[in-house]
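Undergrad: The file below is start-v5.cif, mmCIF, C-alpha atoms and all ligand atoms:
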data_protein
loop_
_atom_site.label_atom_id
_atom_site.label_comp_id
_atom_site.auth_asym_id
_atom_site.auth_seq_id
_atom_site.Cartn_x
_atom_site.Cartn_y
_atom_site.Cartn_z
CA MET O 1 0.00 0.00 0.00
CA ASN O 2 1.24 3.46 -0.90
CA VAL O 3 1.71 5.98 1.86
CA THR O 4 -0.48 8.95 0.98
CA SER O 5 -0.63 12.49 2.32
CA ILE O 6 -2.73 13.38 5.38
CA LYS O 7 -6.29 14.54 4.71
CA GLY O 8 -6.39 18.29 4.16
CA PHE O 9 -2.62 18.51 3.66
CA ARG O 10 -1.82 19.00 0.01
CA ASP O 11 1.14 19.15 -2.28
CA VAL O 12 1.65 22.36 -4.19
CA LEU O 13 2.89 21.11 -7.56
CA PRO O 14 5.24 23.13 -9.80
CA GLN O 15 2.63 25.03 -11.86
CA GLU O 16 0.66 26.12 -8.80
CA LYS O 17 3.85 26.87 -6.88
CA ALA O 18 5.05 29.12 -9.70
CA ARG O 19 1.75 31.02 -9.63
CA GLN O 20 1.90 31.29 -5.83
CA ARG O 21 5.40 32.67 -6.03
CA ALA O 22 4.41 35.22 -8.62
CA LEU O 23 1.45 36.39 -6.58
CA LEU O 24 3.49 36.54 -3.39
CA GLU O 25 6.07 38.60 -5.24
CA ALA O 26 3.35 40.97 -6.46
CA ALA O 27 2.03 41.29 -2.88
CA ARG O 28 5.55 41.86 -1.54
CA ARG O 29 6.13 44.73 -3.95
CA VAL O 30 2.92 46.44 -2.82
CA LEU O 31 3.67 45.82 0.88
CA GLU O 32 7.13 47.30 0.54
CA SER O 33 5.76 50.30 -1.32
CA TYR O 34 3.66 50.94 1.80
CA GLY O 35 6.76 50.75 4.01
CA TYR O 36 6.31 47.22 5.36
CA ASP O 37 9.33 45.09 6.36
CA GLU O 38 9.26 41.31 6.24
CA ILE O 39 9.56 39.09 9.32
CA GLU O 40 9.66 35.32 9.62
CA LEU O 41 7.82 33.67 12.48
CA PRO O 42 8.03 30.12 13.86
CA LEU O 43 5.45 27.51 12.90
CA LEU O 44 5.20 26.26 16.48
CA GLU O 45 4.22 28.44 19.42
CA LYS O 46 3.13 27.83 22.98
CA GLY O 47 -0.55 26.84 22.90
CA GLU O 48 -1.22 29.52 25.47
CA LEU O 49 -0.35 32.25 22.94
CA PHE O 50 -3.39 31.47 20.82
CA ARG O 51 -5.65 30.83 23.79
CA ARG O 52 -4.86 34.31 25.11
CA SER O 53 -5.12 36.08 21.75
CA VAL O 54 -7.36 34.37 19.25
CA GLY O 55 -9.55 33.41 22.22
CA SER O 56 -10.37 30.15 23.94
CA THR O 57 -14.01 30.32 22.79
CA SER O 58 -13.16 30.87 19.13
CA ASP O 59 -13.71 27.95 16.73
CA ILE O 60 -10.08 28.19 15.72
CA VAL O 61 -8.74 27.46 19.20
CA GLU O 62 -11.61 25.38 20.50
CA LYS O 63 -12.01 23.01 17.56
CA GLU O 64 -9.39 23.53 14.92
CA MET O 65 -6.00 24.06 16.51
CA TYR O 66 -3.37 21.33 16.25
CA SER O 67 -2.04 21.40 19.75
CA PHE O 68 -0.12 18.69 21.53
CA GLU O 69 2.30 17.96 24.30
CA ASP O 70 5.96 18.30 23.50
CA ARG O 71 8.36 15.67 24.84
CA ASP O 72 8.95 17.80 27.92
CA GLY O 73 5.24 18.13 28.62
CA ALA O 74 4.86 21.72 27.34
CA VAL O 75 1.69 22.32 25.32
CA ILE O 76 2.65 23.58 21.91
CA ALA O 77 0.55 24.38 18.86
CA LEU O 78 0.98 24.59 15.12
CA ARG O 79 0.10 28.20 14.43
CA PRO O 80 -3.45 28.66 13.13
CA GLU O 81 -2.82 32.28 12.13
CA GLY O 82 -0.02 34.84 12.12
CA THR O 83 -1.17 37.87 14.09
CA ALA O 84 -0.63 36.38 17.57
CA SER O 85 2.93 35.35 16.65
CA ALA O 86 3.65 38.74 15.07
CA VAL O 87 2.50 40.50 18.24
CA ARG O 88 4.50 38.15 20.44
CA ALA O 89 7.62 38.73 18.33
CA TYR O 90 7.06 42.49 18.31
CA ILE O 91 6.96 42.52 22.11
CA GLU O 92 9.66 39.90 22.72
CA SER O 93 12.19 41.60 20.40
CA GLY O 94 11.84 44.95 22.15
CA LEU O 95 10.65 46.55 18.91
CA THR O 96 7.67 48.04 20.75
CA ARG O 97 10.21 50.49 22.21
CA ALA O 98 12.63 50.77 19.30
CA LEU O 99 9.91 51.02 16.66
CA PRO O 100 6.68 52.21 18.29
CA VAL O 101 5.12 52.66 14.86
CA ALA O 102 5.92 49.55 12.87
CA ARG O 103 4.72 47.94 9.68
CA LEU O 104 5.59 44.24 9.44
CA TRP O 105 4.56 41.55 6.98
CA TYR O 106 4.98 37.79 6.90
CA SER O 107 4.00 34.78 4.85
CA GLY O 108 3.94 31.05 5.37
CA PRO O 109 1.84 28.02 6.24
CA MET O 110 -0.96 28.00 8.83
CA PHE O 111 -2.76 24.97 10.25
CA ARG O 112 -6.43 24.51 11.12
CA ARG O 113 -8.26 21.23 11.48
CA GLU O 114 -11.29 22.31 9.44
CA ARG O 115 -13.41 20.13 7.18
CA PRO O 116 -11.47 20.13 3.90
CA GLN O 117 -13.21 21.29 0.72
CA LYS O 118 -12.30 23.34 -2.33
CA GLY O 119 -10.33 26.35 -1.09
CA ARG O 120 -10.26 25.06 2.50
CA TYR O 121 -7.38 22.96 3.69
CA ARG O 122 -5.81 21.93 6.98
CA GLN O 123 -2.49 23.37 5.93
CA PHE O 124 -2.72 26.54 3.87
CA SER O 125 -0.59 29.62 3.39
CA GLN O 126 -1.19 33.21 4.26
CA VAL O 127 0.45 36.50 3.51
CA GLY O 128 -0.31 38.94 6.30
CA ALA O 129 0.56 42.40 7.51
CA GLU O 130 0.45 44.12 10.90
CA PHE O 131 0.53 47.87 11.43
CA PHE O 132 1.44 48.74 15.05
CA GLY O 133 1.25 51.98 16.97
CA ARG O 134 -1.45 53.98 15.23
CA ASP O 135 -5.06 54.28 16.36
CA ASP O 136 -6.24 57.04 14.04
CA PRO O 137 -8.75 56.38 11.24
CA ALA O 138 -6.13 57.20 8.62
CA ALA O 139 -4.24 54.05 9.67
CA ASP O 140 -7.37 51.95 9.04
CA ALA O 141 -7.93 53.71 5.71
CA GLU O 142 -4.31 53.17 4.67
CA THR O 143 -4.68 49.47 5.55
CA LEU O 144 -7.81 49.17 3.41
CA CYS O 145 -6.00 50.89 0.52
CA LEU O 146 -3.18 48.39 0.92
CA VAL O 147 -5.66 45.50 0.86
CA ALA O 148 -7.27 46.84 -2.33
CA ASP O 149 -3.88 47.43 -3.96
CA ILE O 150 -2.68 43.90 -3.18
CA CYS O 151 -5.86 42.49 -4.77
CA ALA O 152 -5.28 44.62 -7.85
CA ALA O 153 -1.59 43.71 -8.11
CA VAL O 154 -2.34 40.00 -7.78
CA GLY O 155 -5.18 40.25 -10.32
CA VAL O 156 -8.01 39.01 -8.09
CA ARG O 157 -11.26 39.12 -10.05
CA GLY O 158 -14.48 40.60 -8.71
CA THR O 159 -13.18 41.79 -5.38
CA ARG O 160 -15.52 43.13 -2.72
CA ILE O 161 -14.27 44.54 0.56
CA ASP O 162 -16.85 44.38 3.35
CA VAL O 163 -16.21 46.73 6.27
CA ASN O 164 -17.89 46.90 9.65
CA SER O 165 -17.19 48.25 13.11
CA LEU O 166 -17.18 45.78 15.99
CA GLY O 167 -17.13 48.51 18.65
CA ASP O 168 -14.75 48.51 21.58
CA ALA O 169 -14.61 47.73 25.30
CA ALA O 170 -16.91 50.68 25.97
CA CYS O 171 -19.80 49.72 23.72
CA ARG O 172 -19.44 46.05 22.78
CA PRO O 173 -20.37 44.44 26.13
CA ALA O 174 -23.83 46.02 26.13
CA TYR O 175 -24.31 45.04 22.49
CA ARG O 176 -23.17 41.48 23.24
CA ASP O 177 -25.81 41.25 25.96
CA ALA O 178 -28.50 42.60 23.63
CA LEU O 179 -27.51 40.12 20.93
CA ALA O 180 -27.41 37.21 23.38
CA ALA O 181 -30.85 38.20 24.70
CA TYR O 182 -32.20 38.24 21.14
CA GLY O 183 -30.57 34.86 20.47
CA ARG O 184 -32.04 33.34 23.63
CA ALA O 185 -35.49 34.52 22.60
CA HIS O 186 -35.01 32.71 19.27
CA ALA O 187 -33.01 29.76 20.61
CA SER O 188 -35.50 27.13 19.39
CA ARG O 189 -34.67 28.08 15.79
CA LEU O 190 -30.88 27.95 16.23
CA CYS O 191 -28.52 25.07 15.43
CA ASP O 192 -26.67 23.26 18.24
CA ASP O 193 -23.45 25.17 17.56
CA CYS O 194 -25.26 28.49 17.82
CA ARG O 195 -26.90 27.49 21.08
CA THR O 196 -23.43 26.98 22.51
CA ARG O 197 -22.23 30.24 20.96
CA LEU O 198 -25.17 32.01 22.57
CA GLU O 199 -23.47 32.00 25.95
CA ARG O 200 -19.82 31.84 24.96
CA ASN O 201 -19.45 33.98 21.85
CA PRO O 202 -22.78 35.48 20.77
CA LEU O 203 -21.24 37.64 18.01
CA ARG O 204 -20.66 34.48 16.03
CA LEU O 205 -24.45 33.95 15.84
CA LEU O 206 -24.35 36.49 13.03
CA ASP O 207 -22.12 34.52 10.70
CA CYS O 208 -23.51 31.02 11.03
CA LYS O 209 -24.00 29.60 7.52
CA ASN O 210 -27.02 27.52 8.58
CA GLU O 211 -30.17 28.79 6.76
CA GLY O 212 -32.37 28.36 9.86
CA CYS O 213 -29.97 30.43 11.95
CA LYS O 214 -29.72 33.09 9.25
CA ALA O 215 -33.52 33.42 9.21
CA ALA O 216 -33.70 33.47 13.01
CA MET O 217 -31.04 36.18 13.22
CA ALA O 218 -32.44 38.33 10.37
CA ALA O 219 -33.90 40.89 12.77
CA ALA O 220 -31.10 40.70 15.36
CA PRO O 221 -29.70 43.92 16.79
CA LEU O 222 -26.60 45.18 14.97
CA MET O 223 -23.36 46.54 16.44
CA ILE O 224 -23.53 49.54 14.14
CA ASP O 225 -26.64 50.77 16.02
CA HIS O 226 -24.94 50.29 19.39
CA LEU O 227 -21.60 52.01 18.73
CA CYS O 228 -20.44 54.56 21.30
CA ASP O 229 -19.71 58.05 19.96
CA PRO O 230 -15.91 57.63 19.60
CA CYS O 231 -16.38 54.30 17.76
CA ARG O 232 -19.04 55.79 15.52
CA SER O 233 -16.97 58.79 14.51
CA HIS O 234 -13.90 56.56 13.99
CA HIS O 235 -15.94 54.32 11.69
CA ASN O 236 -17.41 57.18 9.72
CA GLU O 237 -14.02 58.79 9.27
CA VAL O 238 -12.50 55.51 8.02
CA LEU O 239 -15.26 55.21 5.41
CA ARG O 240 -14.80 58.86 4.39
CA LEU O 241 -11.03 58.54 4.00
CA VAL O 242 -11.24 55.30 2.06
CA ALA O 243 -13.69 56.90 -0.36
CA ALA O 244 -11.41 59.93 -0.66
CA ALA O 245 -8.56 57.59 -1.60
CA GLY O 246 -10.68 56.15 -4.40
CA VAL O 247 -11.09 52.69 -2.88
CA SER O 248 -14.61 51.30 -2.85
CA VAL O 249 -15.72 49.24 0.11
CA CYS O 250 -19.11 47.89 1.20
CA ALA O 251 -20.37 48.82 4.65
CA ASN O 252 -21.77 45.48 5.90
CA PRO O 253 -23.30 45.75 9.38
CA ARG O 254 -23.73 41.96 9.63
CA MET O 255 -20.08 41.10 9.17
CA VAL O 256 -18.25 39.75 12.23
CA ARG O 257 -14.90 37.99 12.45
CA GLY O 258 -13.99 34.61 13.88
CA LEU O 259 -11.24 35.87 16.14
CA ASP O 260 -11.90 37.44 19.53
CA TYR O 261 -9.29 40.16 19.45
CA TYR O 262 -10.80 42.53 16.91
CA CYS O 263 -12.24 45.90 17.87
CA ARG O 264 -13.61 48.76 15.78
CA THR O 265 -12.74 48.30 12.12
CA ALA O 266 -13.09 44.76 10.78
CA PHE O 267 -13.10 43.76 7.14
CA GLU O 268 -13.28 40.81 4.84
CA VAL O 269 -12.32 40.54 1.19
CA MET O 270 -14.48 38.43 -1.08
CA ALA O 271 -13.76 37.34 -4.64
CA GLU O 272 -15.84 35.98 -7.49
CA GLY O 273 -15.89 32.38 -8.55
CA LEU O 274 -14.71 30.74 -5.34
CA GLY O 275 -17.98 29.07 -4.37
CA ALA O 276 -18.70 28.64 -0.66
CA GLN O 277 -15.19 29.61 0.45
CA ASP O 278 -15.24 33.04 -1.15
CA ALA O 279 -13.20 35.00 1.42
CA VAL O 280 -9.71 35.66 0.10
CA GLY O 281 -8.66 37.68 3.10
CA GLY O 282 -9.71 39.47 6.22
CA GLY O 283 -8.50 41.54 9.08
CA GLY O 284 -9.19 44.36 11.44
CA ARG O 285 -8.11 46.48 14.32
CA TYR O 286 -6.94 44.80 17.53
CA ASP O 287 -6.00 47.60 19.88
CA GLY O 288 -5.98 45.56 23.10
CA LEU O 289 -3.90 42.63 21.95
CA VAL O 290 -0.36 43.96 22.44
CA ALA O 291 -1.15 44.77 26.07
CA ALA O 292 -3.03 41.50 26.57
CA LEU O 293 0.10 39.60 25.56
CA GLY O 294 2.27 41.51 28.00
CA GLY O 295 3.37 44.49 25.89
CA PRO O 296 2.56 48.17 26.31
CA GLU O 297 -0.85 49.66 25.54
CA MET O 298 -0.62 49.94 21.81
CA ALA O 299 -3.03 50.16 18.93
CA ALA O 300 -2.69 47.87 15.94
CA ILE O 301 -4.45 46.81 12.78
CA GLY O 302 -3.70 43.98 10.38
CA PHE O 303 -4.95 41.46 7.87
CA ALA O 304 -4.12 38.19 6.17
CA PHE O 305 -4.83 36.82 2.72
CA GLY O 306 -5.08 33.12 1.95
CA ILE O 307 -2.54 32.41 -0.76
CA GLU O 308 -4.35 29.38 -2.24
CA ARG O 309 -7.53 31.43 -2.48
CA LEU O 310 -5.76 34.41 -4.02
CA ASP O 311 -4.45 31.97 -6.58
CA LEU O 312 -7.88 30.45 -7.29
CA ALA O 313 -9.36 33.94 -7.57
CA SER O 314 -6.71 35.21 -9.95
CA MET O 315 -6.13 32.17 -12.15
CA PRO O 316 -6.12 32.99 -15.85
CA LEU O 317 -9.55 32.45 -17.37
CA GLN O 318 -9.71 29.75 -20.00
CA ASP O 319 -9.47 32.17 -22.92
CA GLU O 320 -6.63 34.15 -21.36
CA PRO O 321 -3.21 32.92 -22.45
CA GLU O 322 -1.40 31.19 -19.61
CA ASN O 323 1.56 33.15 -18.39
CA PRO O 324 4.60 31.15 -19.58
CA VAL O 325 6.31 30.63 -16.26
CA ALA O 326 9.86 29.63 -15.63
CA ARG O 327 10.45 27.50 -18.67
CA ALA O 328 13.90 26.22 -19.47
CA LEU O 329 15.43 28.67 -21.87
CA VAL O 330 18.73 27.06 -22.73
CA LEU O 331 19.33 23.35 -23.04
CA ILE O 332 22.93 22.23 -23.10
CA ALA O 333 23.33 19.11 -25.17
CA PRO O 334 26.68 17.40 -24.59
CA ILE O 335 27.29 14.55 -27.03
CA GLY O 336 29.63 12.02 -25.41
CA GLU O 337 31.54 11.89 -22.15
CA ILE O 338 34.31 14.23 -23.31
CA ALA O 339 31.78 17.04 -23.65
CA ALA O 340 30.39 16.57 -20.14
CA GLY O 341 33.04 18.64 -18.31
CA PRO O 342 32.99 21.68 -20.63
CA ALA O 343 29.16 21.44 -20.73
CA LEU O 344 28.89 21.62 -16.94
CA ALA O 345 31.31 24.54 -16.85
CA LEU O 346 29.37 26.39 -19.54
CA ALA O 347 26.05 25.68 -17.79
CA ARG O 348 27.41 27.16 -14.57
CA ARG O 349 28.65 30.28 -16.28
CA LEU O 350 25.32 30.84 -17.99
CA ARG O 351 23.40 30.22 -14.78
CA GLN O 352 25.55 32.78 -13.00
CA THR O 353 24.21 35.39 -15.40
CA GLY O 354 20.67 34.43 -14.40
CA VAL O 355 19.81 32.35 -17.47
CA ARG O 356 17.78 29.23 -16.79
CA VAL O 357 19.79 26.27 -18.06
CA GLU O 358 19.04 22.59 -18.19
CA MET O 359 21.73 20.10 -19.04
CA GLU O 360 21.00 16.85 -20.85
CA SER O 361 22.67 13.53 -20.13
CA PRO O 362 25.92 13.22 -22.15
CA GLY O 363 25.11 9.60 -22.89
CA ARG O 364 22.07 10.37 -25.06
CA ARG O 365 21.96 10.81 -28.80
CA LEU O 366 21.52 14.30 -30.23
CA LYS O 367 18.12 13.39 -31.68
CA ALA O 368 16.77 12.42 -28.24
CA GLN O 369 18.25 15.56 -26.72
CA MET O 370 16.58 17.76 -29.34
CA LYS O 371 13.25 16.05 -28.67
CA HIS O 372 13.65 16.91 -25.01
CA ALA O 373 14.45 20.52 -25.94
CA ASP O 374 11.12 20.70 -27.79
CA LYS O 375 9.29 19.18 -24.85
CA ILE O 376 10.58 21.68 -22.32
CA GLY O 377 10.19 24.57 -24.75
CA ALA O 378 13.85 25.54 -24.78
CA ARG O 379 14.59 28.67 -26.76
CA PHE O 380 18.22 27.70 -27.50
CA VAL O 381 20.12 24.44 -27.57
CA VAL O 382 23.87 24.60 -27.11
CA ILE O 383 25.35 21.55 -28.82
CA LEU O 384 28.72 20.31 -27.64
CA GLY O 385 30.04 17.40 -29.70
CA ASP O 386 33.55 16.23 -30.49
CA THR O 387 33.98 18.83 -33.25
CA GLU O 388 32.95 21.67 -30.99
CA ILE O 389 35.16 20.54 -28.14
CA ALA O 390 38.15 20.18 -30.48
CA ALA O 391 37.58 23.71 -31.75
CA GLY O 392 36.81 25.12 -28.29
CA LYS O 393 33.51 26.40 -29.61
CA ALA O 394 29.84 25.52 -29.41
CA THR O 395 26.95 25.33 -31.82
CA VAL O 396 23.90 27.27 -30.74
CA ARG O 397 20.62 26.20 -32.29
CA ASP O 398 17.86 28.75 -32.27
CA MET O 399 14.74 26.65 -31.76
CA GLN O 400 12.38 29.44 -32.71
CA ALA O 401 14.12 30.41 -35.94
CA GLN O 402 15.03 26.75 -36.58
CA ARG O 403 18.60 27.47 -37.58
CA ASP O 404 22.11 26.97 -36.28
CA HIS O 405 24.60 29.59 -35.35
CA ALA O 406 27.80 27.69 -35.61
CA SER O 407 30.74 28.56 -33.43
CA LEU O 408 29.12 31.65 -32.04
CA PHE O 409 31.29 31.90 -29.02
CA ASP O 410 34.38 30.40 -27.60
CA LEU O 411 33.92 28.12 -24.64
CA VAL O 412 36.59 30.10 -22.86
CA ASP O 413 34.61 33.35 -23.16
CA ASP O 414 33.37 34.85 -19.96
CA ALA O 415 29.71 34.74 -19.05
CA ALA O 416 29.03 38.28 -20.18
CA ALA O 417 30.32 37.52 -23.64
CA ILE O 418 28.21 34.36 -23.78
CA MET O 419 25.15 36.35 -22.84
CA THR O 420 25.92 38.94 -25.47
CA ALA O 421 26.28 36.16 -27.98
CA LEU O 422 22.92 34.66 -27.00
CA GLU O 423 21.25 38.03 -27.04
CA SER O 424 22.56 38.80 -30.48
CA ILE O 425 20.94 35.65 -31.85
CA GLY O 426 17.35 36.36 -31.23
CA PRO O 427 14.83 38.62 -29.57
CA ASN O 428 15.81 39.52 -26.08
CA GLU O 429 13.76 36.97 -24.19
CA GLN O 430 16.33 34.98 -22.34
CA ARG O 431 15.38 36.24 -18.91
P1 LIG I 1 -8.60 34.36 8.88
O1 LIG I 1 -7.26 34.27 9.54
O2 LIG I 1 -9.57 33.31 9.34
O3 LIG I 1 -9.16 35.73 8.85
O4 LIG I 1 -8.34 33.98 7.37
C1 LIG I 1 -7.77 34.86 6.45
C2 LIG I 1 -7.79 34.21 5.09
O5 LIG I 1 -7.03 33.01 5.12
C3 LIG I 1 -9.17 33.78 4.65
O6 LIG I 1 -9.86 34.84 4.06
C4 LIG I 1 -8.82 32.71 3.64
O7 LIG I 1 -8.48 33.29 2.40
C5 LIG I 1 -7.61 32.07 4.23
N1 LIG I 1 -7.97 30.85 4.95
C6 LIG I 1 -8.44 30.73 6.21
N2 LIG I 1 -8.65 29.45 6.55
C7 LIG I 1 -8.29 28.71 5.46
C8 LIG I 1 -8.27 27.31 5.15
N3 LIG I 1 -8.63 26.40 6.05
N4 LIG I 1 -7.85 26.92 3.92
C9 LIG I 1 -7.46 27.84 3.01
N5 LIG I 1 -7.47 29.17 3.24
C10 LIG I 1 -7.87 29.61 4.44
#
Taking this structure as input, can you express it in the form of structure tokens?
Ligand code: AMP
TA:
Amino acid sequence: MNVTSIKGFRDVLPQEKARQRALLEAARRVLESYGYDEIELPLLEKGELFRRSVGSTSDIVEKEMYSFEDRDGAVIALRPEGTASAVRAYIESGLTRALPVARLWYSGPMFRRERPQKGRYRQFSQVGAEFFGRDDPAADAETLCLVADICAAVGVRGTRIDVNSLGDAACRPAYRDALAAYGRAHASRLCDDCRTRLERNPLRLLDCKNEGCKAAMAAAPLMIDHLCDPCRSHHNEVLRLVAAAGVSVCANPRMVRGLDYYCRTAFEVMAEGLGAQDAVGGGGRYDGLVAALGGPEMAAIGFAFGIERLDLASMPLQDEPENPVARALVLIAPIGEIAAGPALALARRLRQTGVRVEMESPGRRLKAQMKHADKIGARFVVILGDTEIAAGKATVRDMQAQRDHASLFDLVDDAAAIMTALESIGPNEQR
């Protein structure tokens, strides 16, 4: 019996990986243009970190987190999200003092034991960003601009950004009570999960996907009508600034988020064509979290995109030509063992100039090597046979023009000269 992968854990094969890399690169460029610096965070953290941040009543911690005892008995967890780790690192490194306004971004795998389906996996990747030290509405607006610009740069189709305010410590408790009271009055129509949420996390009653619960909650009180004055003016100013920046968002008073730490601005990014799992990203303000994890009182706002979903939402449509990614451009074809050494040396020199080079096996016949060149879509084949080696030169076959350029360069030439030689052959598409 073959050993297969674990349910919900998938392989990212070369074509998808190339697309993921390209989209991550596009996101990185936008993030850096907004002044964000990259950090790398560990995959394993103390379980307590997520309990104290994401929240012990959240689905993520309660039902989905991979947490286990280490050999020394410590409870550790595979990270289900990046914000808690980013905040921990920001505090632990002392950056809260050195860089009290900081913009940090990260990417990498996250782990949640959810029910796998299209666009939902147990290991998936996120690219996320955290903006520390600013509590003014312009910081929220800048973050929403960044979110919109990443979507545009990646080429996500049919994006919609839903924005809501979740209130703060001053106004949310009373709203929570009002919502729980409404839920209790309609408890007979709620699913089992929602009945549990009723006492533990009533906000989540609003985003249950169950049709019965949706109907029961249709007339539920909304946070937006219970905001205190500072939260209301913050929210209005965020919406005004975002509009002034030319970014369109949808005010959605029914949107809540699965994580406990959000306050005030919360948002979710939806894309077309993803079916049930249509959220490509989400985030919000989490002003209390830095202090809750032992740091100073400090405002913060952040978000994360799911990389697999960004990919699904930006895949070329059928009639769009596929972007020709990372194809081998030069195939070196050594004919016979004598050619193997010079061929390897030449391949290295070309690679050092950034050209993608594949080298064939010296034992194969030229015909087979040329067939392989066709298969991988090589633009040039550098043929090194006995004649070439004796002359210290190589034959370069232009696969597009279907002709040979004999003895175009000496094997002893330096890489720059080889590049110039290649460039002079055909259109400048080696890179
Ligand atoms: P969250 O941290 O729950 O706000 O998720 C942010 C984004 O990560 C979502 O909008 C999705 O794009 C992505 N995401 C979350 N959970 C999964 C999952 N199980 N599989 C794939 N992508 C996910």
Undergrad: List all protein, DNA and RNA residues that have any atom at most 8 Å from ligand LIG 1 (chain I), counting all atoms listed in the file, and write the list as a PyMOL selection string.
TA: chain O and resi 80-82+111-116+119-126+257-259+268-270+277-283+303-310
Undergrad: So which one's closest to O:Lys63, O:Cys250, O:Asp193, O:Glu25, O:Lys17? Using only C-alpha atoms, please.
TA: O:Asp193
Undergrad: Within 7 Å of (5.3, 36.8, 12.8) in the file's own coordinates, which protein, DNA or RNA residues have an atom, counting all atoms listed in the file? List them as a list in words.
TA: Ile39, Glu40, Leu41, Gly82, Thr83, Ser85, Ala86, Ala89 and Tyr106 of chain O
Undergrad: Take atom CA of O:Ala84 and atom CA of O:Gly167 and report the distance between them in Å, one decimal.
TA: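 Rounded to one decimal, the two atoms are 20.5 Å apart.
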Undergrad: To one decimal place in Å, what is the distance between atom CA of O:Val163 and atom CA of O:Ile224?
TA: 11.1 Å
Undergrad: I'd like to know which of O:Pro296, O:Lys118, O:Ile376, O:Lys46 is closest to O:Gly73, using all atoms listed in the file.
TA: O:Lys46
Undergrad: So how far away is atom CA of O:Gly294 from atom CA of O:Ser67, in Å?
TA: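 A separation of 22.2 Å between them.
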Undergrad: With all atoms listed in the file as the counted atoms, please give the residues lying no more than 7 Å from O:Pro202, apart from itself and same-chain residues fewer than 3 positions off, as a list in words.
TA: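 Counting all atoms listed in the file, the residues come to Arg176, Leu179, Ala180, Arg197, Leu198, Glu199 and Leu205 of chain O.
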Undergrad: Of the residues O:Cys151, O:Ala251, O:Val382, O:Leu239, which is the one nearest to O:Leu344, using all atoms listed in the file?
TA: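 Of the candidates, the smallest distance to O:Leu344 is held by O:Val382.
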Undergrad: Any idea what's packed within 10 Å of O:Gly55, counting only C-alpha atoms, ignoring anything in its chain fewer than 6 positions away? Could you give it as an MDAnalysis selection string?
TA: chainID O and resid 48:49 61:62 201 258:261
Undergrad: Which residue gives the smallest distance to O:His186 among O:Ala343, O:Arg200, O:Asp229, O:Lys214, with all atoms listed in the file counted?
TA: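 Looking only at the distances to O:His186, the closest residue turns out to be O:Lys214.
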Undergrad: Could you pull the residues within 12 Å of stretch 20-22 of chain O, counting all atoms listed in the file, minus those fewer than 4 positions along the same chain, as a VMD selection string?
TA: chain O and resid 12 to 16 26 to 29 107 to 108 124 to 127 153 to 155 306 to 315 323 to 326
Undergrad: Limited to C-alpha atoms, could you put the picked residues into a file as an mmCIF file, keeping the file's coordinate frame?
TA:
data_model
loop_
_atom_site.group_PDB
_atom_site.id
_atom_site.type_symbol
_atom_site.label_atom_id
_atom_site.label_comp_id
_atom_site.auth_asym_id
_atom_site.auth_seq_id
_atom_site.Cartn_x
_atom_site.Cartn_y
_atom_site.Cartn_z
ATOM 1 C CA VAL O 12 1.650 22.360 -4.190
ATOM 2 C CA LEU O 13 2.890 21.110 -7.560
ATOM 3 C CA PRO O 14 5.240 23.130 -9.800
ATOM 4 C CA GLN O 15 2.630 25.030 -11.860
ATOM 5 C CA GLU O 16 0.660 26.120 -8.800
ATOM 6 C CA ALA O 26 3.350 40.970 -6.460
ATOM 7 C CA ALA O 27 2.030 41.290 -2.880
ATOM 8 C CA ARG O 28 5.550 41.860 -1.540
ATOM 9 C CA ARG O 29 6.130 44.730 -3.950
ATOM 10 C CA SER O 107 4.000 34.780 4.850
ATOM 11 C CA GLY O 108 3.940 31.050 5.370
ATOM 12 C CA PHE O 124 -2.720 26.540 3.870
ATOM 13 C CA SER O 125 -0.590 29.620 3.390
ATOM 14 C CA GLN O 126 -1.190 33.210 4.260
ATOM 15 C CA VAL O 127 0.450 36.500 3.510
ATOM 16 C CA ALA O 153 -1.590 43.710 -8.110
ATOM 17 C CA VAL O 154 -2.340 40.000 -7.780
ATOM 18 C CA GLY O 155 -5.180 40.250 -10.320
ATOM 19 C CA GLY O 306 -5.080 33.120 1.950
ATOM 20 C CA ILE O 307 -2.540 32.410 -0.760
ATOM 21 C CA GLU O 308 -4.350 29.380 -2.240
ATOM 22 C CA ARG O 309 -7.530 31.430 -2.480
ATOM 23 C CA LEU O 310 -5.760 34.410 -4.020
ATOM 24 C CA ASP O 311 -4.450 31.970 -6.580
ATOM 25 C CA LEU O 312 -7.880 30.450 -7.290
ATOM 26 C CA ALA O 313 -9.360 33.940 -7.570
ATOM 27 C CA SER O 314 -6.710 35.210 -9.950
ATOM 28 C CA MET O 315 -6.130 32.170 -12.150
ATOM 29 C CA ASN O 323 1.560 33.150 -18.390
ATOM 30 C CA PRO O 324 4.600 31.150 -19.580
ATOM 31 C CA VAL O 325 6.310 30.630 -16.260
ATOM 32 C CA ALA O 326 9.860 29.630 -15.630
#
Undergrad: To box stretch 129-142 of chain O, take all atoms listed in the file, fit an axis-aligned box, add 3 Å on each side, and give centre and edge lengths in Å to one decimal, as AutoDock Vina command-line options.
TA:
--center_x -3.7 --center_y 49.8 --center_z 10.8 --size_x 16.2 --size_y 20.8 --size_z 18.3
Undergrad: Could you tell me which of O:Pro334, O:Arg184, O:Ile60, O:Thr353 comes closest to O:Thr395 if we count all atoms listed in the file?
TA: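 So, comparing all the options, the nearest one is O:Pro334.
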Undergrad: Which of these, O:Ala271, O:Leu104, O:Leu166, O:Val238, has the shortest distance to O:Ala139 once you count all atoms listed in the file?
TA: O:Val238
Undergrad: Write out as CSV the residues of stretch 253-343 of chain O that have any atom within 12 Å of an atom of stretch 388-394 of chain O, one row each with the nearest atom pair and its distance in Å to one decimal, counting only C-alpha atoms, sorted by chain and then rising number.
TA:
residue,atom,partner,partner_atom,distance
O:Ile332,CA,O:Ala394,CA,9.9
O:Ala333,CA,O:Ala394,CA,10.1
O:Pro334,CA,O:Ile389,CA,9.7
O:Ile335,CA,O:Glu388,CA,9.9
O:Gly336,CA,O:Ile389,CA,10.5
O:Glu337,CA,O:Ile389,CA,11.1
O:Ile338,CA,O:Ile389,CA,8.0
O:Ala339,CA,O:Ile389,CA,6.6
O:Ala340,CA,O:Ile389,CA,10.1
O:Gly341,CA,O:Ile389,CA,10.2
O:Pro342,CA,O:Ile389,CA,7.9
O:Ala343,CA,O:Ile389,CA,9.6
